[in-house]
Structure formats: structure tokens, C-alpha cells
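To keep things clear, I will list the structure first and then write my remarks on it.
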Amino acid sequence: TWQEAFGRDRLLIIRAEDYWSNPKEELKKVFTHLGLSQPSDDNWKQILDRPISNIVGSESDGPCGTCGDYSLTNKMTAVSSLEGGLGQHPRVPGKDRTRIQTTMLPEARQLLDEFFAPYNQRLADIMQDNRFLWADREMA
């Protein structure tokens, strides 16, 4: 494992949803882990005002084309255009992609929960952190 190769104290693994919900707190952990001083208030503002990248859905043109709107991740389904009567559904800026909010079928959620449960348990055991069981995830 990575922990065996590098040592547990040399690895920092953060959950994306923790970063998205509180980027400053998660970045503080990164700075501390790397032995760096915490940014000044002005630098924090610059850091936190930057667009998020590498997540499909934002206005930025990163390596993945349209990257960065974390508020939609795991909650949206992509559609190709506004045609077809989307009505009041939110428009996501960026290229020609639009997303509409959808709800996962309960059967699909149960199937995924059951499939990933042993893997999540193993990860939580390895990390010694039950947050990796994702019991706190938003049910959408």
C-alpha cells in the first residue's frame, strides 16, 4: 500500500466532499501537513476566489474542457442543450453543456451502497477514519 511504501505520516488524504464543503479548513490541513505557514488573509482570499478546476461543469477551460462547478457534482445529469423544455432547471455556464437536477433511484443507491460497502469499510480501516464510509453523504 501507499502507507507501507511512504509511511502514514507522509500521506494526507482528504475527501473531495470535505474540500468542497469547507475548502479553507481542508487547505489548512494541507499547508500544515506540508510544513508550510498558513497564508495571510489577503492570500486566503486570492486562493479561495480562484475557480475550482478539473471537475466537469464550470466556465473554466482546463484540461478536461469544462471544469470546476463543485456544487453540481453527484447531483446533476448532463444534457446537450437547452432545447426540449428544461423550464426552470439551472443552467450551468461553460461550453454548450447544461445540467438538470435529477434524483438517483432508490434501487440504484441501494445497489451502489451494497456493492461498495466492503471497499469503503476496507478504506476506512486502512485510513483509521470512518468518514471514508461516507455515512454522512447527502442523499440526493
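Each chain of the C-alpha cells is named A, B, ... in the order shown, its residues numbered from 1; ligands are numbered from 1 in display order.
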Please list as a list in words every residue within 12 Å of segment 29-33 of chain A, counting only C-alpha atoms and excluding residues in the same chain fewer than 4 positions away.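 With the cut-off at 12 Å, the set is Arg8, Asp9, Arg10, Leu11, Leu12, Ile13, Ile14, Arg15, Asp18, Tyr19, Asn22, Pro23, Lys24, Glu25, Ser37, Gln38, Pro39 and Trp44 of chain A.
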Pull C-alpha atoms from the residues just selected and write them as a short mmCIF file (atom, residue, chain, number, x, y, z; two decimals), in the first residue's frame.
```cif
data_model
loop_
_atom_site.label_atom_id
_atom_site.label_comp_id
_atom_site.auth_asym_id
_atom_site.auth_seq_id
_atom_site.Cartn_x
_atom_site.Cartn_y
_atom_site.Cartn_z
CA ARG A 8 1.28 7.00 7.20
CA ASP A 9 2.66 10.32 8.44
CA ARG A 10 3.86 11.23 4.92
CA LEU A 11 0.41 10.85 3.35
CA LEU A 12 -2.56 13.17 3.60
CA ILE A 13 -5.80 12.05 2.05
CA ILE A 14 -8.77 14.37 2.08
CA ARG A 15 -12.25 13.63 0.82
CA ASP A 18 -14.94 17.80 2.67
CA TYR A 19 -12.87 20.11 0.49
CA ASN A 22 -15.08 23.78 3.54
CA PRO A 23 -12.09 24.43 1.28
CA LYS A 24 -10.26 26.70 3.72
CA GLU A 25 -10.25 24.14 6.54
CA SER A 37 2.97 28.55 7.05
CA GLN A 38 -0.68 29.46 6.75
CA PRO A 39 -1.45 32.11 4.12
CA TRP A 44 -6.50 33.23 1.55
#
```
Which residues, written as a list in words, have at least one atom at most 8 Å from segment 107-122 of chain A, with only C-alpha atoms counted and residues fewer than 6 positions away on the same chain left out? Phe132, Leu133 and Trp134 of chain A
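For the atom pair formed by atom CA of Leu34 of chain A and atom CA of Gln3 of chain A, the distance is 16.5 Å, given to one decimal.
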Atom CA of Arg137 of chain A to atom CA of Thr102 of chain A, distance in Å rounded to a single decimal: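 About the pair atom CA of Arg137 of chain A and atom CA of Thr102 of chain A: they are 16.4 Å apart.
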How many Å separate atom CA of Trp2 of chain A from atom CA of Ile126 of chain A? 10.4 Å
